[in-house]
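Colleague: I am sharing model.txt, which consists of compact mmCIF, C-alpha atoms:
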```
# COMPACT_ATOMS: atom_id res chain seq x y z
CA MET A 33 143.42 148.09 163.57
CA GLY A 34 144.08 151.63 162.41
CA GLU A 35 146.42 154.40 163.49
CA GLU A 36 148.61 153.73 166.51
CA ILE A 37 147.91 155.71 169.65
CA LYS A 38 150.49 157.60 171.69
CA ILE A 39 151.80 156.18 174.95
CA VAL A 40 152.44 159.13 177.24
CA VAL A 41 154.30 159.14 180.55
CA PRO A 42 153.42 162.09 182.80
CA SER A 43 156.42 162.92 184.97
CA HIS A 44 157.55 165.57 187.44
CA LEU A 45 161.00 166.02 189.02
CA ARG A 46 162.10 162.49 188.12
CA TYR A 47 164.22 163.32 185.09
CA ASP A 48 167.04 161.04 186.30
CA ARG A 49 164.81 158.19 187.54
CA VAL A 50 162.34 157.41 184.75
CA LYS A 51 161.94 153.63 184.55
CA THR A 52 159.04 153.20 182.14
CA THR A 53 161.02 153.96 178.98
CA LYS A 54 163.16 150.88 179.70
CA ALA A 55 160.09 148.63 179.89
CA MET A 56 157.80 150.14 177.22
CA ALA A 57 158.83 151.02 173.67
CA ASN A 58 158.02 154.34 171.98
CA CYS A 59 157.02 156.31 175.06
CA ILE A 60 156.60 160.07 175.17
CA LEU A 61 157.55 161.89 178.37
CA CYS A 62 155.21 164.75 179.28
CA VAL A 63 156.78 167.24 181.68
CA PRO A 64 156.54 170.89 182.78
CA GLN A 65 158.16 173.38 180.43
CA SER A 66 160.69 174.41 183.08
CA GLN A 67 161.94 170.79 183.36
CA TYR A 68 162.00 170.08 179.62
CA GLU A 69 165.75 170.47 179.09
CA LEU A 70 166.64 168.35 182.13
CA TYR A 71 164.43 165.52 180.92
CA ARG A 72 165.94 165.70 177.45
CA GLU A 73 169.46 165.61 178.91
CA TYR A 74 168.81 162.54 181.05
CA ASN A 75 166.54 160.67 178.63
CA LYS A 76 168.38 160.41 175.34
CA ASN A 77 166.47 159.12 172.32
CA VAL A 78 163.15 159.59 174.10
CA GLU A 79 160.57 162.09 172.86
CA VAL A 80 159.76 164.76 175.44
CA VAL A 81 156.69 167.00 175.25
CA ALA A 82 156.35 170.03 177.51
CA HIS A 83 153.14 171.37 179.00
CA PRO A 84 152.81 174.88 180.51
CA ASP A 85 154.16 175.30 184.03
CA SER A 86 150.72 176.58 184.99
CA ILE A 87 149.52 172.95 184.79
CA VAL A 88 150.29 171.79 188.34
CA GLY A 89 149.38 168.36 189.69
CA LEU A 90 148.64 165.03 188.05
CA THR A 91 144.90 165.54 187.58
CA PRO A 92 145.14 168.73 185.46
CA LYS A 93 148.15 167.19 183.70
CA ARG A 94 146.00 164.22 182.66
CA GLN A 95 143.36 166.60 181.34
CA TRP A 96 145.98 168.47 179.30
CA ILE A 97 147.35 165.18 177.91
CA TYR A 98 143.88 163.98 176.90
CA GLU A 99 143.07 167.27 175.18
CA HIS A 100 146.48 167.44 173.50
CA PHE A 101 146.81 163.85 172.26
CA GLY A 102 143.21 162.63 171.93
CA ASP A 103 143.58 158.85 171.68
CA VAL A 104 146.18 158.15 174.36
CA PHE A 105 147.49 155.60 176.85
CA MET A 106 148.90 157.15 180.05
CA ILE A 107 151.35 155.25 182.21
CA ASP A 108 153.31 156.24 185.31
CA ASP A 109 157.05 156.88 185.11
CA ASP A 110 157.96 154.12 187.60
CA MET A 111 156.69 151.12 185.62
CA VAL A 112 159.32 148.39 185.57
CA GLY A 113 157.65 145.71 183.47
CA MET A 114 154.52 144.34 181.86
CA THR A 115 153.78 140.76 182.87
CA ARG A 116 151.58 137.86 181.86
CA ASN A 117 149.05 136.85 184.50
CA TYR A 118 148.51 133.45 182.92
CA SER A 119 151.11 130.70 183.20
CA GLU A 120 152.42 128.53 180.42
CA LYS A 121 155.31 126.12 180.65
CA GLY A 122 158.49 127.66 179.30
CA VAL A 123 156.98 131.14 178.88
CA LYS A 124 158.53 134.05 180.75
CA GLY A 125 156.16 136.15 182.82
CA ARG A 126 157.60 139.52 181.81
CA VAL A 127 157.15 140.62 178.21
CA SER A 128 159.58 142.62 176.10
CA LYS A 129 159.22 146.39 175.78
CA LYS A 130 158.23 145.95 172.13
CA LEU A 131 155.52 143.41 173.00
CA ALA A 132 154.28 145.69 175.80
CA TYR A 133 153.86 148.45 173.23
CA ASP A 134 152.07 146.09 170.83
CA LEU A 135 149.70 144.89 173.55
CA VAL A 136 148.68 148.47 174.34
CA GLN A 137 148.07 149.11 170.65
CA HIS A 138 146.01 145.92 170.39
CA ALA A 139 143.87 146.90 173.39
CA ALA A 140 143.30 150.34 171.91
CA GLY A 141 142.31 148.78 168.60
CA VAL A 142 139.80 146.44 170.24
CA ALA A 143 138.35 149.35 172.24
CA LYS A 144 137.83 151.29 169.00
CA GLU A 145 136.26 148.30 167.28
CA ILE A 146 133.69 147.69 170.03
CA GLY A 147 133.00 151.37 170.63
CA VAL A 148 134.30 151.96 174.15
CA TYR A 149 136.35 154.93 175.34
CA LEU A 150 138.21 153.63 178.40
CA PHE A 151 140.57 150.64 178.37
CA GLY A 152 143.32 149.04 180.37
CA PHE A 153 144.73 145.88 181.90
CA SER A 154 144.58 143.94 185.16
CA LYS A 155 145.11 145.85 188.37
CA SER A 156 147.13 143.01 189.86
CA PRO A 157 150.34 141.43 188.48
CA MET A 158 149.79 138.35 190.65
CA PRO A 159 148.90 135.20 188.67
CA THR A 160 146.90 133.96 191.66
CA SER A 161 144.44 136.83 191.17
CA TYR A 162 143.84 135.93 187.52
CA ASN A 163 140.62 134.14 186.55
CA PRO A 164 141.28 132.11 183.37
CA MET A 165 137.53 131.92 182.79
CA GLN A 166 137.36 135.70 182.51
CA PRO A 167 140.42 136.88 180.54
CA ILE A 168 138.54 139.92 179.19
CA LYS A 169 136.17 142.21 181.08
CA LEU A 170 133.78 144.74 179.56
CA THR A 171 132.91 146.43 182.84
CA GLY A 172 134.93 147.56 185.83
CA SER A 173 137.52 150.20 186.61
CA VAL A 174 141.01 151.02 185.41
CA MET A 175 144.09 151.41 187.58
CA GLY A 176 145.62 154.87 187.91
CA GLY A 177 149.10 153.77 186.92
CA ALA A 178 148.20 152.73 183.39
CA PHE A 179 145.05 153.28 181.36
CA GLY A 180 143.93 154.42 177.94
CA MET A 181 141.30 156.86 176.71
CA LEU A 182 139.90 157.43 173.25
CA LYS A 183 138.78 160.80 171.96
CA GLY A 184 135.14 161.68 171.45
CA SER A 185 133.96 160.69 174.92
CA LYS A 186 132.35 162.78 177.64
CA LEU A 187 135.22 161.90 179.95
CA HIS A 188 137.26 164.54 181.73
CA PHE A 189 139.17 165.02 184.98
CA LYS A 190 138.02 167.02 187.99
CA THR A 191 140.76 169.20 189.44
CA ASP A 192 139.38 169.00 192.98
CA LEU A 193 140.35 165.30 193.06
CA VAL A 194 144.07 165.22 193.84
CA LEU A 195 144.89 161.51 194.04
CA THR A 196 141.90 159.57 192.68
CA GLU A 197 141.55 160.56 189.06
CA ASP A 198 141.38 156.87 188.06
CA TYR A 199 138.34 156.27 190.26
CA TRP A 200 136.70 159.42 188.94
CA VAL A 201 137.20 158.59 185.26
CA SER A 202 136.12 154.97 185.83
CA GLY A 203 132.93 156.06 187.57
CA LEU A 204 132.24 158.74 184.97
CA ASN A 205 132.78 156.25 182.17
CA ALA A 206 130.33 153.82 183.78
CA HIS A 207 127.77 156.62 184.08
CA TYR A 208 128.01 157.72 180.45
CA HIS A 209 129.13 154.63 178.56
CA ARG A 210 128.67 151.61 180.89
CA MET A 211 131.32 149.55 179.08
CA CYS A 212 135.12 149.61 179.09
CA TYR A 213 137.72 147.12 177.85
CA LEU A 214 140.02 145.38 180.34
CA ASP A 215 142.54 142.75 179.27
CA GLU A 216 143.04 140.79 182.48
CA ARG A 217 145.72 138.58 180.95
CA PHE A 218 148.38 141.24 181.42
CA ALA A 219 149.37 143.69 184.15
CA PHE A 220 152.08 146.22 184.98
CA LYS A 221 154.57 146.21 187.82
CA PHE A 222 155.70 149.48 189.42
CA SER A 223 158.47 150.36 191.85
CA ASN A 224 158.32 152.66 194.87
CA THR A 225 154.99 154.15 193.81
CA PHE A 226 154.24 155.65 197.23
CA ALA A 227 157.82 156.33 198.35
CA ASN A 228 159.49 157.70 195.24
CA LYS A 229 160.37 161.39 195.40
CA GLY A 230 158.85 163.69 192.82
CA GLY A 231 155.57 162.95 191.09
CA CYS A 232 152.67 163.05 193.57
CA ALA A 233 154.89 162.44 196.60
CA ALA A 234 154.84 166.10 197.65
CA TYR A 235 151.10 166.06 198.32
CA ARG A 236 150.16 162.39 198.76
CA THR A 237 149.00 162.05 202.36
CA GLN A 238 146.45 159.88 204.13
CA SER A 239 144.43 163.01 204.84
CA LYS A 240 144.30 163.81 201.11
CA GLU A 241 143.33 160.23 200.39
CA LEU A 242 140.38 160.47 202.76
CA GLN A 243 139.31 163.87 201.40
CA ASP A 244 139.26 162.46 197.88
CA THR A 245 137.30 159.41 198.98
CA LEU A 246 134.62 161.58 200.59
CA LYS A 247 134.37 163.70 197.43
CA LEU A 248 134.04 160.58 195.29
CA LYS A 249 131.29 159.33 197.58
CA LYS A 250 129.45 162.60 197.00
CA TYR A 251 129.62 162.04 193.24
CA PHE A 252 128.99 158.28 193.07
CA GLY A 253 127.15 157.44 196.29
CA ASN A 254 127.24 153.88 197.57
CA ALA A 255 129.41 152.73 194.66
CA ILE A 256 132.30 154.20 196.69
CA THR A 257 133.14 152.56 200.02
CA LEU A 258 136.06 152.88 202.41
CA LYS A 259 138.36 149.87 202.43
CA GLN A 260 138.09 147.78 205.59
CA ASP A 261 140.50 145.43 207.33
CA THR A 262 139.88 141.74 206.68
CA HIS A 263 141.18 138.55 208.27
CA LEU A 264 143.64 138.31 205.36
CA SER A 265 144.99 141.84 205.24
CA LYS A 266 144.87 145.24 206.86
CA VAL A 267 144.31 148.52 205.09
CA LYS A 268 147.71 150.17 204.63
CA ILE A 269 146.44 153.60 203.59
CA LYS A 270 143.66 155.16 205.65
CA GLY A 271 141.14 156.77 203.37
CA ALA A 272 141.64 154.18 200.63
CA ARG A 273 138.49 153.23 198.81
CA THR A 274 136.85 150.74 196.49
CA LEU A 275 134.63 151.42 193.49
CA LYS A 276 131.96 148.87 192.65
CA ILE A 277 130.46 149.29 189.20
CA PRO A 278 126.82 148.14 189.67
CA PHE A 279 126.54 146.25 186.38
```
In structure tokens, write the structure found in this file.
Modeller:
Amino acid sequence: MGEEIKIVVPSHLRYDRVKTTKAMANCILCVPQSQYELYREYNKNVEVVAHPDSIVGLTPKRQWIYEHFGDVFMIDDDMVGMTRNYSEKGVKGRVSKKLAYDLVQHAAGVAKEIGVYLFGFSKSPMPTSYNPMQPIKLTGSVMGGAFGMLKGSKLHFKTDLVLTEDYWVSGLNAHYHRMCYLDERFAFKFSNTFANKGGCAAYRTQSKELQDTLKLKKYFGNAITLKQDTHLSKVKIKGARTLKIPF
């Protein structure tokens, strides 16, 4: 389906703890210039690209990656495996790193063919959340840990949103383009996303979460709502939100 897109892993101060390169083939690590040599030392045979140290925080880093690479799939550095959400007898749930790479390329190719700019996979790696009658979605939102963008869109990242760039880009995509491409058959598993040192850990707080939610509500109105406790589960992070695409 055309030229392959780059799979880029934004990382910060986790040079000795990158997991994604073991679960996804042909990744590129994107790190601050001052950490470039450390990442190269600890991640042999992995391509490392440096961005200026003046790019601080994940949101501006995503903007730099999008501008630098164009067609790109961004995935967090603590991804431990891509899994099938559907069940077949004798088929392992977790896919190989080569197949994970191929599935990303396939999703990007389909997105190009149908003319959408934002694409991704299921937000949940739990087979019980998978609807076999809806393996593909053309509307919805991507998860922050892994999503792709194609060049030529009106999409960009707002630097005043510290922790919710996925909600922002999903809402912005719905506003401009309505459609996205989501392959619900597959999902990613991550480890220690909220407890792992480095990355966003230095500034991820419940207060920041709430601030971002209120800003998102200013931009997208009633499409953004605060998560509420239910009889099945309680909200673990105060300030967490949901985004409902109205079509």
Colleague: Assuming 8 Å of padding per side, give the centre and edge lengths of the axis-aligned box around every listed atom of segment 79-89 of chain A, in Å to one decimal and as AutoDock Vina command-line options.
Modeller:
```
--center_x 155.0 --center_y 169.3 --center_z 181.3 --size_x 27.2 --size_y 30.5 --size_z 32.8
```
Colleague: Report, in Å with one decimal, the straight-line distance from atom CA of Glu35 of chain A to atom CA of Gln137 of chain A.
Modeller: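 Between atom CA of Glu35 of chain A and atom CA of Gln137 of chain A the gap is 9.1 Å.
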Colleague: Report as an mmCIF file with C-alpha atoms, in the frame of the given file all protein, DNA and RNA residues lying within 9 Å of Met106 of chain A, evaluated on only C-alpha atoms, omitting residues in the same chain fewer than 5 positions from it.
Modeller:
```
data_model
loop_
_atom_site.group_PDB
_atom_site.id
_atom_site.type_symbol
_atom_site.label_atom_id
_atom_site.label_comp_id
_atom_site.auth_asym_id
_atom_site.auth_seq_id
_atom_site.Cartn_x
_atom_site.Cartn_y
_atom_site.Cartn_z
ATOM 1 C CA LYS A 38 150.490 157.600 171.690
ATOM 2 C CA ILE A 39 151.800 156.180 174.950
ATOM 3 C CA VAL A 40 152.440 159.130 177.240
ATOM 4 C CA VAL A 41 154.300 159.140 180.550
ATOM 5 C CA PRO A 42 153.420 162.090 182.800
ATOM 6 C CA ARG A 94 146.000 164.220 182.660
ATOM 7 C CA ILE A 97 147.350 165.180 177.910
ATOM 8 C CA GLY A 176 145.620 154.870 187.910
ATOM 9 C CA GLY A 177 149.100 153.770 186.920
ATOM 10 C CA ALA A 178 148.200 152.730 183.390
ATOM 11 C CA PHE A 179 145.050 153.280 181.360
ATOM 12 C CA GLY A 180 143.930 154.420 177.940
ATOM 13 C CA MET A 181 141.300 156.860 176.710
#
```
Colleague: Considering all atoms listed in the file, give me a table of residues in segment 68-173 of chain A that are at most 10 Å from segment 276-279 of chain A, with the closest atom pair and distance in Å for each, as JSON lines.
Modeller:
```
{"residue": "A:Thr171", "atom": "CA", "partner": "A:Phe279", "partner_atom": "CA", "distance": 7.3}
{"residue": "A:Gly172", "atom": "CA", "partner": "A:Ile277", "partner_atom": "CA", "distance": 5.9}
{"residue": "A:Ser173", "atom": "CA", "partner": "A:Ile277", "partner_atom": "CA", "distance": 7.6}
```
Colleague: Just the selected residues (C-alpha atoms), exported as a short mmCIF file (atom, residue, chain, number, x, y, z; two decimals), in the frame of the given file, please.
Modeller:
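Writing done, so here's result_33.cif:
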```cif
data_model
loop_
_atom_site.label_atom_id
_atom_site.label_comp_id
_atom_site.auth_asym_id
_atom_site.auth_seq_id
_atom_site.Cartn_x
_atom_site.Cartn_y
_atom_site.Cartn_z
CA THR A 171 132.91 146.43 182.84
CA GLY A 172 134.93 147.56 185.83
CA SER A 173 137.52 150.20 186.61
#
```
Colleague: Between atom CA of Arg46 of chain A and atom CA of His83 of chain A, what is the distance in Å, rounded to a tenth?
Modeller: 15.6 Å
Colleague: Show me, as a PyMOL selection string, the residues that have an atom within 8 Å of segment 127-135 of chain A when counting all atoms listed in the file, minus same-chain residues fewer than 6 positions from it.
Modeller: chain A and resi 54-58+113-116
Colleague: Calculated over only C-alpha atoms, which of the candidates A:Ser185, A:Gly152, A:Ser202, A:Lys93 has the smallest distance to His138 of chain A?
Modeller: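 Using only C-alpha atoms, His138 of chain A sits closest to A:Gly152.
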Colleague: Give me, please, the distance in Å between atom CA of Leu61 of chain A and atom CA of Tyr98 of chain A, quoted to one decimal.
Modeller: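 Here the two named atoms are 13.9 Å from each other.
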Colleague: Taking 3 positions as the minimum chain separation for residues in the same chain, which residues sit within 12 Å of Asp48 of chain A when counting all atoms listed in the file? Answer as a list of chain:residue names.
Modeller: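 Near Asp48 of chain A, the qualifying residues are A:Ser43, A:His44, A:Leu45, A:Lys51, A:Thr52, A:Thr53, A:Gln67, A:Glu69, A:Leu70, A:Tyr71, A:Arg72, A:Glu73, A:Tyr74, A:Asn75, A:Lys76, A:Asp109, A:Asp110, A:Lys229, A:Gly230.
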Colleague: Could you give me, as a tab-separated table, every segment 72-143 of chain A residue with an atom at most 7 Å from segment 189-199 of chain A, plus its closest atom pair and distance in Å to one decimal, counting all atoms listed in the file, rows ordered by chain then number?
Modeller:
```
residue	atom	partner	partner_atom	distance
A:Thr91	CA	A:Thr191	CA	5.8
A:Pro92	CA	A:Thr191	CA	5.9
A:Gln95	CA	A:Phe189	CA	5.8
```
Colleague: Quick one: residues within 10 Å of segment 216-218 of chain A, all atoms listed in the file counted, chain neighbours fewer than 6 positions away excluded, as a list in words?
Modeller: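 That gives Met114, Thr115, Arg116, Asn117, Tyr118, Ser119, Gly125, Arg126, Val127, Ala132, Leu135, Gly152, Phe153, Ser154, Lys155, Ser156, Pro157, Met158, Pro159, Ser161, Tyr162, Asn163, Pro164, Gln166, Pro167, Ile168 and Lys169 of chain A.
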Colleague: Write out as an NGL selection string which residues come within 9 Å of Leu182 of chain A when counting only C-alpha atoms, dropping same-chain ones fewer than 2 positions away.
Modeller: :A and (37 or 98 or 102-105 or 140 or 143-144 or 148-151 or 180 or 184-185)
Colleague: Measuring between all atoms listed in the file, which one of A:Val142, A:Cys59, A:Ala272, A:Val80 shows the shortest distance to Tyr47 of chain A?
Modeller: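 Using all atoms listed in the file, Tyr47 of chain A sits closest to A:Val80.
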Colleague: Name the closest residue to Ile256 of chain A among the candidates A:Phe101, A:Trp96, A:Tyr68, A:Trp200; distances are taken between atoms, counting only C-alpha atoms.
Modeller: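 Distance minimum relative to Ile256 of chain A lands on A:Trp200.
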